>>> print(open('structure.cif').read())   # mmCIF, C-alpha atoms and all ligand atoms
data_query
loop_
_atom_site.label_atom_id
_atom_site.label_comp_id
_atom_site.auth_asym_id
_atom_site.auth_seq_id
_atom_site.Cartn_x
_atom_site.Cartn_y
_atom_site.Cartn_z
CA ARG A 1 71.15 121.45 115.76
CA GLU A 2 72.00 120.28 119.29
CA ARG A 3 72.71 116.81 117.94
CA ALA A 4 74.94 118.23 115.25
CA ARG A 5 76.84 120.19 117.89
CA GLU A 6 77.38 117.02 119.94
CA ILE A 7 78.59 115.09 116.91
CA LEU A 8 81.09 117.82 116.03
CA GLU A 9 82.29 118.03 119.66
CA THR A 10 83.11 114.29 119.81
CA VAL A 11 85.10 114.62 116.63
CA LYS A 12 86.97 117.61 117.98
CA ASP A 13 87.84 115.68 121.16
CA ARG A 14 89.29 112.90 119.08
CA ASP A 15 91.29 115.47 117.16
CA GLU A 16 90.22 114.09 113.82
CA THR A 17 89.82 116.51 110.98
CA ARG A 18 87.97 114.22 108.63
CA LEU A 19 84.79 112.67 109.87
CA GLY A 20 84.00 109.12 108.91
CA VAL A 21 81.09 107.57 110.70
CA GLU A 22 79.80 110.91 111.93
CA ALA A 23 79.34 112.57 108.56
CA MET A 24 76.15 110.66 107.77
CA GLU A 25 74.78 111.35 111.26
CA LEU A 26 75.44 115.04 110.78
CA LEU A 27 73.34 115.07 107.61
CA ASP A 28 70.66 113.08 109.38
CA ALA A 29 70.58 115.68 112.18
CA TYR A 30 69.76 118.31 109.55
CA GLY A 31 67.02 116.24 107.97
CA ILE A 32 68.95 115.16 104.89
CA GLU A 33 68.03 111.60 103.97
CA THR A 34 70.80 109.00 103.81
CA PRO A 35 70.59 105.33 102.76
CA THR A 36 69.93 102.85 105.56
CA GLY A 37 72.99 100.97 106.70
CA ASP A 38 75.88 101.09 109.10
CA ILE A 39 79.64 101.09 109.43
CA VAL A 40 81.07 97.90 110.91
CA ASP A 41 84.51 96.49 111.63
CA ASP A 42 84.05 92.79 111.15
CA PRO A 43 82.48 90.59 108.46
CA ALA A 44 79.89 88.98 110.75
CA ASP A 45 78.49 92.40 111.63
CA ALA A 46 78.54 93.33 107.94
CA LEU A 47 76.37 90.31 107.17
CA GLU A 48 73.97 91.18 109.95
CA VAL A 49 73.50 94.69 108.57
CA ALA A 50 73.09 93.31 105.03
CA GLU A 51 70.44 90.83 106.18
CA ASN A 52 68.40 93.68 107.61
CA ILE A 53 68.39 95.54 104.28
CA ASP A 54 66.02 94.58 101.46
CA GLY A 55 67.79 93.36 98.34
CA ASN A 56 71.48 93.58 97.52
CA VAL A 57 73.72 96.06 99.28
CA VAL A 58 76.61 98.40 98.56
CA MET A 59 79.82 97.97 100.55
CA LYS A 60 82.54 100.62 100.86
CA ILE A 61 85.84 101.01 102.60
CA VAL A 62 85.82 103.71 105.30
CA SER A 63 89.16 105.38 105.88
CA PRO A 64 90.20 109.00 106.38
CA ASP A 65 93.22 108.16 104.21
CA ILE A 66 91.15 107.08 101.19
CA LEU A 67 89.36 109.99 99.58
CA HIS A 68 88.23 108.47 96.31
CA LYS A 69 87.08 105.01 97.27
CA SER A 70 86.12 103.78 93.79
CA ASP A 71 89.62 104.66 92.48
CA ILE A 72 91.05 101.78 94.53
CA GLY A 73 88.12 99.41 94.01
CA GLY A 74 86.80 100.38 97.43
CA VAL A 75 83.12 100.43 96.43
CA LYS A 76 81.18 97.24 95.68
CA VAL A 77 77.69 97.67 94.27
CA GLY A 78 75.01 94.97 94.25
CA VAL A 79 76.54 92.60 96.80
CA GLU A 80 74.41 89.56 97.66
CA ASN A 81 74.27 88.32 101.26
CA GLU A 82 76.29 85.20 100.43
CA ASP A 83 79.12 87.39 99.09
CA VAL A 84 79.31 89.80 102.02
CA TYR A 85 82.18 87.99 103.79
CA ASP A 86 84.37 87.85 100.68
CA ALA A 87 83.55 91.44 99.78
CA TYR A 88 84.50 92.57 103.28
CA GLU A 89 87.90 90.87 103.18
CA ASP A 90 88.55 92.09 99.66
CA LEU A 91 87.83 95.72 100.58
CA ILE A 92 90.24 95.56 103.52
CA THR A 93 92.92 93.94 101.35
CA ARG A 94 92.56 96.58 98.65
CA ALA A 95 92.85 99.36 101.20
CA LYS A 96 96.01 97.84 102.70
CA ASN A 97 97.54 97.31 99.30
CA TYR A 98 96.86 100.91 98.46
CA GLN A 99 98.36 102.23 101.68
CA PRO A 100 99.76 99.72 104.19
CA ASP A 101 99.50 102.13 107.13
CA ALA A 102 96.04 103.46 106.22
CA ASN A 103 93.77 104.11 109.17
CA ILE A 104 90.88 101.81 108.30
CA LEU A 105 87.75 102.59 110.29
CA GLY A 106 85.74 99.75 108.81
CA VAL A 107 83.33 98.95 106.03
CA GLN A 108 80.09 100.73 105.30
CA VAL A 109 77.16 98.52 104.34
CA GLN A 110 74.42 100.47 102.59
CA GLU A 111 71.06 100.06 101.02
CA MET A 112 71.44 100.12 97.23
CA VAL A 113 69.86 103.13 95.55
CA ASN A 114 68.36 102.57 92.11
CA LEU A 115 70.49 104.78 89.88
CA ASP A 116 68.49 103.84 86.77
CA ASP A 117 65.65 106.06 87.96
CA GLY A 118 67.89 108.74 89.39
CA VAL A 119 70.47 111.37 88.58
CA GLU A 120 73.73 111.64 90.51
CA THR A 121 74.22 115.23 91.65
CA ILE A 122 76.71 116.95 93.93
CA VAL A 123 76.00 119.47 96.66
CA GLY A 124 79.01 120.94 98.37
CA MET A 125 80.52 123.80 100.29
CA ASN A 126 83.94 125.41 100.29
CA ARG A 127 84.99 128.40 102.33
CA ASP A 128 86.28 131.06 99.99
CA PRO A 129 88.68 133.59 101.57
CA GLN A 130 86.90 136.41 99.77
CA PHE A 131 83.22 135.36 99.59
CA GLY A 132 82.89 133.08 102.62
CA PRO A 133 80.95 129.80 102.48
CA LEU A 134 80.30 128.99 98.83
CA MET A 135 77.59 126.46 98.09
CA MET A 136 78.05 124.36 95.00
CA PHE A 137 75.55 122.32 93.01
CA GLY A 138 76.15 120.25 89.93
CA LEU A 139 76.06 116.95 88.17
CA GLY A 140 77.70 114.41 90.47
CA GLY A 141 79.16 110.94 90.52
CA ILE A 142 82.70 109.90 89.86
CA PHE A 143 83.05 112.07 86.74
CA VAL A 144 82.30 115.36 88.46
CA GLU A 145 85.81 116.74 87.96
CA ILE A 146 85.73 115.94 84.27
CA LEU A 147 82.30 117.37 83.57
CA GLU A 148 82.67 120.54 85.64
CA ASP A 149 78.96 121.24 85.33
CA THR A 150 78.54 123.26 88.53
CA THR A 151 77.09 126.49 89.87
CA PHE A 152 77.78 128.51 93.04
CA ARG A 153 76.07 130.77 95.62
CA VAL A 154 77.21 132.27 98.91
CA ALA A 155 75.57 130.67 101.98
CA PRO A 156 73.05 131.09 103.45
CA VAL A 157 71.05 130.56 100.26
CA SER A 158 67.37 131.37 99.94
CA GLU A 159 64.82 128.99 98.46
CA VAL A 160 64.78 130.99 95.22
CA GLU A 161 68.56 130.91 94.99
CA ALA A 162 68.59 127.15 95.58
CA GLU A 163 65.95 126.69 92.88
CA ASP A 164 67.96 128.84 90.49
CA MET A 165 70.99 126.63 91.07
CA THR A 166 69.05 123.58 89.90
CA LYS A 167 68.08 125.46 86.72
CA GLU A 168 71.52 126.84 85.87
CA ILE A 169 73.58 123.72 85.26
CA ASP A 170 73.93 122.36 81.71
CA ALA A 171 72.38 119.09 82.84
CA ALA A 172 69.23 120.81 84.13
CA PRO A 173 67.04 119.10 81.49
CA MET A 174 68.11 115.72 82.92
CA LEU A 175 66.58 116.70 86.25
CA ARG A 176 63.35 117.74 84.58
CA GLY A 177 62.94 114.42 82.80
CA ALA A 178 64.80 114.05 79.53
CA ARG A 179 64.45 111.15 77.08
CA GLY A 180 61.28 109.73 78.57
CA ASN A 181 62.66 109.53 82.09
CA ASP A 182 60.55 110.72 84.99
CA PRO A 183 61.52 114.10 86.41
CA VAL A 184 63.40 113.88 89.68
CA ASP A 185 62.42 115.48 92.97
CA ILE A 186 63.78 118.99 92.38
CA GLY A 187 62.07 120.23 95.56
CA GLY A 188 64.14 117.66 97.44
CA ILE A 189 67.32 119.00 95.87
CA THR A 190 66.57 122.65 96.70
CA GLU A 191 65.68 121.64 100.25
CA THR A 192 68.97 119.75 100.58
CA ILE A 193 70.96 122.74 99.31
CA GLN A 194 69.23 124.94 101.87
CA ARG A 195 69.65 122.50 104.76
CA LEU A 196 73.34 122.10 103.99
CA SER A 197 73.69 125.85 103.69
CA GLN A 198 72.11 126.15 107.15
CA LEU A 199 74.45 123.51 108.58
CA VAL A 200 77.61 125.25 107.38
CA THR A 201 76.26 128.63 108.49
CA ASP A 202 75.56 127.25 111.98
CA PHE A 203 78.99 125.61 112.22
CA PRO A 204 81.91 127.68 110.90
CA ALA A 205 84.20 124.82 112.04
CA ILE A 206 83.08 122.89 108.97
CA LEU A 207 85.68 123.94 106.43
CA GLU A 208 84.62 121.80 103.52
CA LEU A 209 81.73 119.48 102.78
CA ASP A 210 80.62 117.46 99.77
CA ILE A 211 77.66 115.19 99.21
CA ASN A 212 78.68 113.27 96.10
CA PRO A 213 76.51 111.76 94.95
CA LEU A 214 73.26 113.16 96.18
CA VAL A 215 71.08 110.78 94.18
CA ALA A 216 67.97 112.58 92.98
CA LEU A 217 65.09 110.15 92.43
CA PRO A 218 61.55 110.77 91.20
CA ASP A 219 60.27 110.49 94.77
CA GLY A 220 63.06 111.95 96.87
CA VAL A 221 66.79 112.45 97.26
CA LYS A 222 69.45 110.39 99.05
CA ALA A 223 72.90 111.43 100.24
CA VAL A 224 74.91 108.34 99.32
CA ASP A 225 78.44 109.61 99.98
CA VAL A 226 79.58 112.51 102.11
CA ARG A 227 82.99 113.90 102.86
CA LEU A 228 83.83 116.71 105.19
CA THR A 229 86.71 118.49 106.83
CA VAL A 230 86.42 120.27 110.15
CA ASP A 231 88.69 122.83 111.76
P1 LIG B 301 83.74 107.53 96.07
O1 LIG B 301 83.19 108.84 95.65
O2 LIG B 301 84.65 107.66 97.25
O3 LIG B 301 84.38 106.76 94.98
P2 LIG B 301 80.96 106.72 96.49
O4 LIG B 301 80.38 106.31 97.78
O5 LIG B 301 80.54 108.06 95.99
O6 LIG B 301 82.54 106.61 96.63
O7 LIG B 301 80.61 105.62 95.42
C1 LIG B 301 81.03 105.75 94.07
C2 LIG B 301 79.87 105.49 93.13
O8 LIG B 301 79.27 104.24 93.42
C3 LIG B 301 78.74 106.52 93.27
O9 LIG B 301 78.99 107.67 92.52
C4 LIG B 301 77.55 105.70 92.78
O10 LIG B 301 77.54 105.66 91.35
C5 LIG B 301 77.86 104.30 93.27
N1 LIG B 301 77.20 104.08 94.58
C6 LIG B 301 77.72 104.35 95.80
N2 LIG B 301 76.86 104.07 96.79
C7 LIG B 301 75.74 103.62 96.20
C8 LIG B 301 74.46 103.16 96.69
N3 LIG B 301 74.16 103.12 98.00
N4 LIG B 301 73.54 102.77 95.77
C9 LIG B 301 73.82 102.80 94.46
N5 LIG B 301 74.99 103.22 93.93
C10 LIG B 301 75.96 103.63 94.79
MG MG B 302 81.51 109.88 95.99
#
>>> encode(input="structure.cif", output="structure tokens", more="lines below")
Ligand code: ADP
Ligand code: MG
Amino acid sequence: RERAREILETVKDRDETRLGVEAMELLDAYGIETPTGDIVDDPADALEVAENIDGNVVMKIVSPDILHKSDIGGVKVGVENEDVYDAYEDLITRAKNYQPDANILGVQVQEMVNLDDGVETIVGMNRDPQFGPLMMFGLGGIFVEILEDTTFRVAPVSEVEAEDMTKEIDAAPMLRGARGNDPVDIGGITETIQRLSQLVTDFPAILELDINPLVALPDGVKAVDVRLTVD
């Protein structure tokens, strides 16, 4: 909690409303697992990070001006070490083409999560003028707006409420192992909902927060992408 406070203070001092680099650290401070990796601002550093990660990596543009990275080709999945330089340059070029004056913070190099074994979910929070902090859970990924398979509770949520959320969505059978797939770590999802609920309860300055996707795997969950807005 102290660490989270420090992270939010630095952001406040910089007068930035959208956190880039710090968003992952904030989750980490509340015990929510994120993929290994780092955000870098030159290709040599990107390669160094990639070399320290087992297997291929995922590379993403990091900019407060680019909300939906994959819409502009700003997410590259399965990048081999020998392609890291090219991928880096290409991501920067795409971002500049999209918005020439975009504030580009760098490129995030991440461990690749095996989506074949997992389900992409979303855990988020919005402050409702009437109800206060509303926690949201649903099926995630880039089609979340189209599917609209979501459920809501007012924070802070109890363990039972968080569990109920995982049962309420239409896609609930997918979490419990449909079509011969292994069930995913539902305990990990309910814990993440609760931890996030605690975070936004502790810090009213967080106006909006989305983990999308929170990849739910048979043996754990990973917050692969996070976006947040602070007061
Ligand atoms: P955005 O939502 O801004 O387009 P994301 O970081 O959510 O960017 O990436 C888009 C999609 O790319 C994710 O929904 C997921 O399917 C895939 N993806 C992103 N990061 C990873 C990762 N580390 N491992 C595997 N797949 C990933
Ligand atoms: Mg996303």
>>> closest_atom_pairs(input="structure.cif", of="chain A", to="ligand LIG 301 (chain B)", cutoff="8 Å", atoms="all atoms listed in the file", output="Markdown table")
| residue | atom | partner | partner_atom | distance |
| --- | --- | --- | --- | --- |
| A:Pro35 | CA | B:LIG301 | N3 | 6.3 |
| A:Val57 | CA | B:LIG301 | N3 | 7.2 |
| A:Val58 | CA | B:LIG301 | N3 | 5.3 |
| A:Met59 | CA | B:LIG301 | N2 | 7.8 |
| A:Lys60 | CA | B:LIG301 | O4 | 6.8 |
| A:Ile66 | CA | B:LIG301 | O2 | 7.6 |
| A:Leu67 | CA | B:LIG301 | O2 | 5.7 |
| A:His68 | CA | B:LIG301 | O2 | 3.8 |
| A:Lys69 | CA | B:LIG301 | O2 | 3.6 |
| A:Ser70 | CA | B:LIG301 | O3 | 3.7 |
| A:Asp71 | CA | B:LIG301 | O3 | 6.2 |
| A:Gly74 | CA | B:LIG301 | O3 | 7.3 |
| A:Val75 | CA | B:LIG301 | O7 | 5.9 |
| A:Lys76 | CA | B:LIG301 | O8 | 7.6 |
| A:Val77 | CA | B:LIG301 | N5 | 6.2 |
| A:Gly78 | CA | B:LIG301 | C9 | 7.9 |
| A:Gln110 | CA | B:LIG301 | N3 | 5.3 |
| A:Glu111 | CA | B:LIG301 | N3 | 5.3 |
| A:Met112 | CA | B:LIG301 | N4 | 3.7 |
| A:Val113 | CA | B:LIG301 | N4 | 3.7 |
| A:Asn114 | CA | B:LIG301 | C9 | 5.9 |
| A:Leu115 | CA | B:LIG301 | C9 | 6.0 |
| A:Glu120 | CA | B:LIG301 | O9 | 6.9 |
| A:Gly140 | CA | B:LIG301 | O9 | 7.2 |
| A:Gly141 | CA | B:LIG301 | O9 | 3.8 |
| A:Ile142 | CA | B:LIG301 | O9 | 5.1 |
| A:Asn212 | CA | B:LIG301 | O5 | 5.5 |
| A:Pro213 | CA | B:LIG301 | O9 | 5.4 |
| A:Val224 | CA | B:LIG301 | N2 | 5.3 |
| A:Asp225 | CA | B:LIG301 | O4 | 4.4 |
| A:Val226 | CA | B:LIG301 | O4 | 7.6 |
>>> atom_distance(input="structure.cif", atom1="CA of Glu80 (chain A)", atom2="CA of Asn56 (chain A)")
5.0 Å
>>> residues_around(input="structure.cif", residues="Leu175 (chain A)", least_positions_apart="3", cutoff="6 Å", atoms="all atoms listed in the file", output="tab-separated table (two decimals) with C-alpha atoms, in the frame of the given file")
chain	number	residue	atom	x	y	z
A	172	ALA	CA	69.23	120.81	84.13
A	183	PRO	CA	61.52	114.10	86.41
A	184	VAL	CA	63.40	113.88	89.68
>>> atom_distance(input="structure.cif", atom1="CA of Met165 (chain A)", atom2="CA of Phe137 (chain A)")
6.6 Å
>>> atom_distance(input="structure.cif", atom1="CA of Leu134 (chain A)", atom2="CA of Ala155 (chain A)")
5.9 Å
>>> closest_residue(input="structure.cif", among="A:Leu196, A:Ala178, A:Ile211, A:Leu26", to="ligand MG 302 (chain B)", atoms="all atoms listed in the file")
A:Ile211
>>> residues_around(input="structure.cif", residues="Arg5 (chain A)", least_positions_apart="3", cutoff="10 Å", atoms="all atoms listed in the file", output="list of chain:residue names")
A:Arg1, A:Glu2, A:Leu8, A:Glu9, A:Thr10, A:Leu26, A:Ala29, A:Asp202, A:Phe203
>>> build_atoms(input="structure.cif", residues="region 25-36 of chain A", atoms="all heavy atoms", output="compact mmCIF listing (two decimals), in the coordinates of the input")
# COMPACT_ATOMS: atom_id res chain seq x y z
N GLU A 25 75.63 110.96 110.13
CA GLU A 25 74.78 111.35 111.26
C GLU A 25 74.53 112.85 111.26
O GLU A 25 73.46 113.32 111.64
CB GLU A 25 75.45 110.97 112.59
CG GLU A 25 75.54 109.47 112.82
CD GLU A 25 76.31 109.11 114.08
OE1 GLU A 25 76.46 109.99 114.95
OE2 GLU A 25 76.78 107.97 114.16
N LEU A 26 75.55 113.58 110.84
CA LEU A 26 75.44 115.04 110.78
C LEU A 26 74.35 115.45 109.77
O LEU A 26 73.52 116.32 110.03
CB LEU A 26 76.79 115.61 110.36
CG LEU A 26 77.15 117.01 110.79
CD1 LEU A 26 77.04 117.19 112.28
CD2 LEU A 26 78.56 117.34 110.31
N LEU A 27 74.36 114.80 108.62
CA LEU A 27 73.34 115.07 107.61
C LEU A 27 71.96 114.72 108.15
O LEU A 27 70.99 115.47 108.01
CB LEU A 27 73.60 114.27 106.33
CG LEU A 27 74.88 114.58 105.56
CD1 LEU A 27 74.88 113.81 104.26
CD2 LEU A 27 75.03 116.07 105.31
N ASP A 28 71.91 113.57 108.79
CA ASP A 28 70.66 113.08 109.38
C ASP A 28 70.11 114.11 110.37
O ASP A 28 68.91 114.39 110.40
CB ASP A 28 70.95 111.74 110.06
CG ASP A 28 69.69 110.98 110.37
OD1 ASP A 28 68.92 110.75 109.42
OD2 ASP A 28 69.48 110.64 111.54
N ALA A 29 71.00 114.69 111.17
CA ALA A 29 70.58 115.68 112.18
C ALA A 29 69.96 116.91 111.52
O ALA A 29 69.17 117.62 112.13
CB ALA A 29 71.77 116.07 113.04
N TYR A 30 70.33 117.16 110.28
CA TYR A 30 69.76 118.31 109.55
C TYR A 30 68.68 117.88 108.56
O TYR A 30 68.35 118.62 107.62
CB TYR A 30 70.87 119.11 108.87
CG TYR A 30 71.37 120.21 109.79
CD1 TYR A 30 72.06 119.88 110.96
CD2 TYR A 30 71.09 121.55 109.55
CE1 TYR A 30 72.48 120.86 111.83
CE2 TYR A 30 71.50 122.54 110.43
CZ TYR A 30 72.20 122.18 111.57
OH TYR A 30 72.59 123.17 112.44
N GLY A 31 68.16 116.69 108.75
CA GLY A 31 67.02 116.24 107.97
C GLY A 31 67.33 115.89 106.52
O GLY A 31 66.44 115.89 105.68
N ILE A 32 68.59 115.58 106.24
CA ILE A 32 68.95 115.16 104.89
C ILE A 32 68.98 113.63 104.85
O ILE A 32 69.69 113.01 105.65
CB ILE A 32 70.32 115.74 104.48
CG1 ILE A 32 70.23 117.28 104.46
CG2 ILE A 32 70.76 115.20 103.12
CD1 ILE A 32 71.58 117.97 104.30
N GLU A 33 68.19 113.06 103.96
CA GLU A 33 68.03 111.60 103.97
C GLU A 33 69.28 110.88 103.47
O GLU A 33 69.86 111.25 102.45
CB GLU A 33 66.82 111.19 103.15
CG GLU A 33 66.26 109.86 103.64
CD GLU A 33 65.10 109.35 102.80
OE1 GLU A 33 64.29 110.18 102.33
OE2 GLU A 33 65.03 108.12 102.62
N THR A 34 69.66 109.83 104.20
CA THR A 34 70.80 109.00 103.81
C THR A 34 70.30 107.55 103.66
O THR A 34 69.27 107.20 104.22
CB THR A 34 71.90 109.06 104.90
OG1 THR A 34 71.33 108.68 106.16
CG2 THR A 34 72.48 110.46 105.03
N PRO A 35 71.03 106.73 102.90
CA PRO A 35 70.59 105.33 102.76
C PRO A 35 70.66 104.62 104.11
O PRO A 35 71.49 104.97 104.93
CB PRO A 35 71.62 104.73 101.80
CG PRO A 35 72.36 105.86 101.21
CD PRO A 35 72.27 106.99 102.17
N THR A 36 69.80 103.62 104.33
CA THR A 36 69.93 102.85 105.56
C THR A 36 71.23 102.05 105.49
O THR A 36 71.73 101.74 104.41
CB THR A 36 68.76 101.85 105.74
OG1 THR A 36 68.53 101.19 104.51
CG2 THR A 36 67.51 102.54 106.20
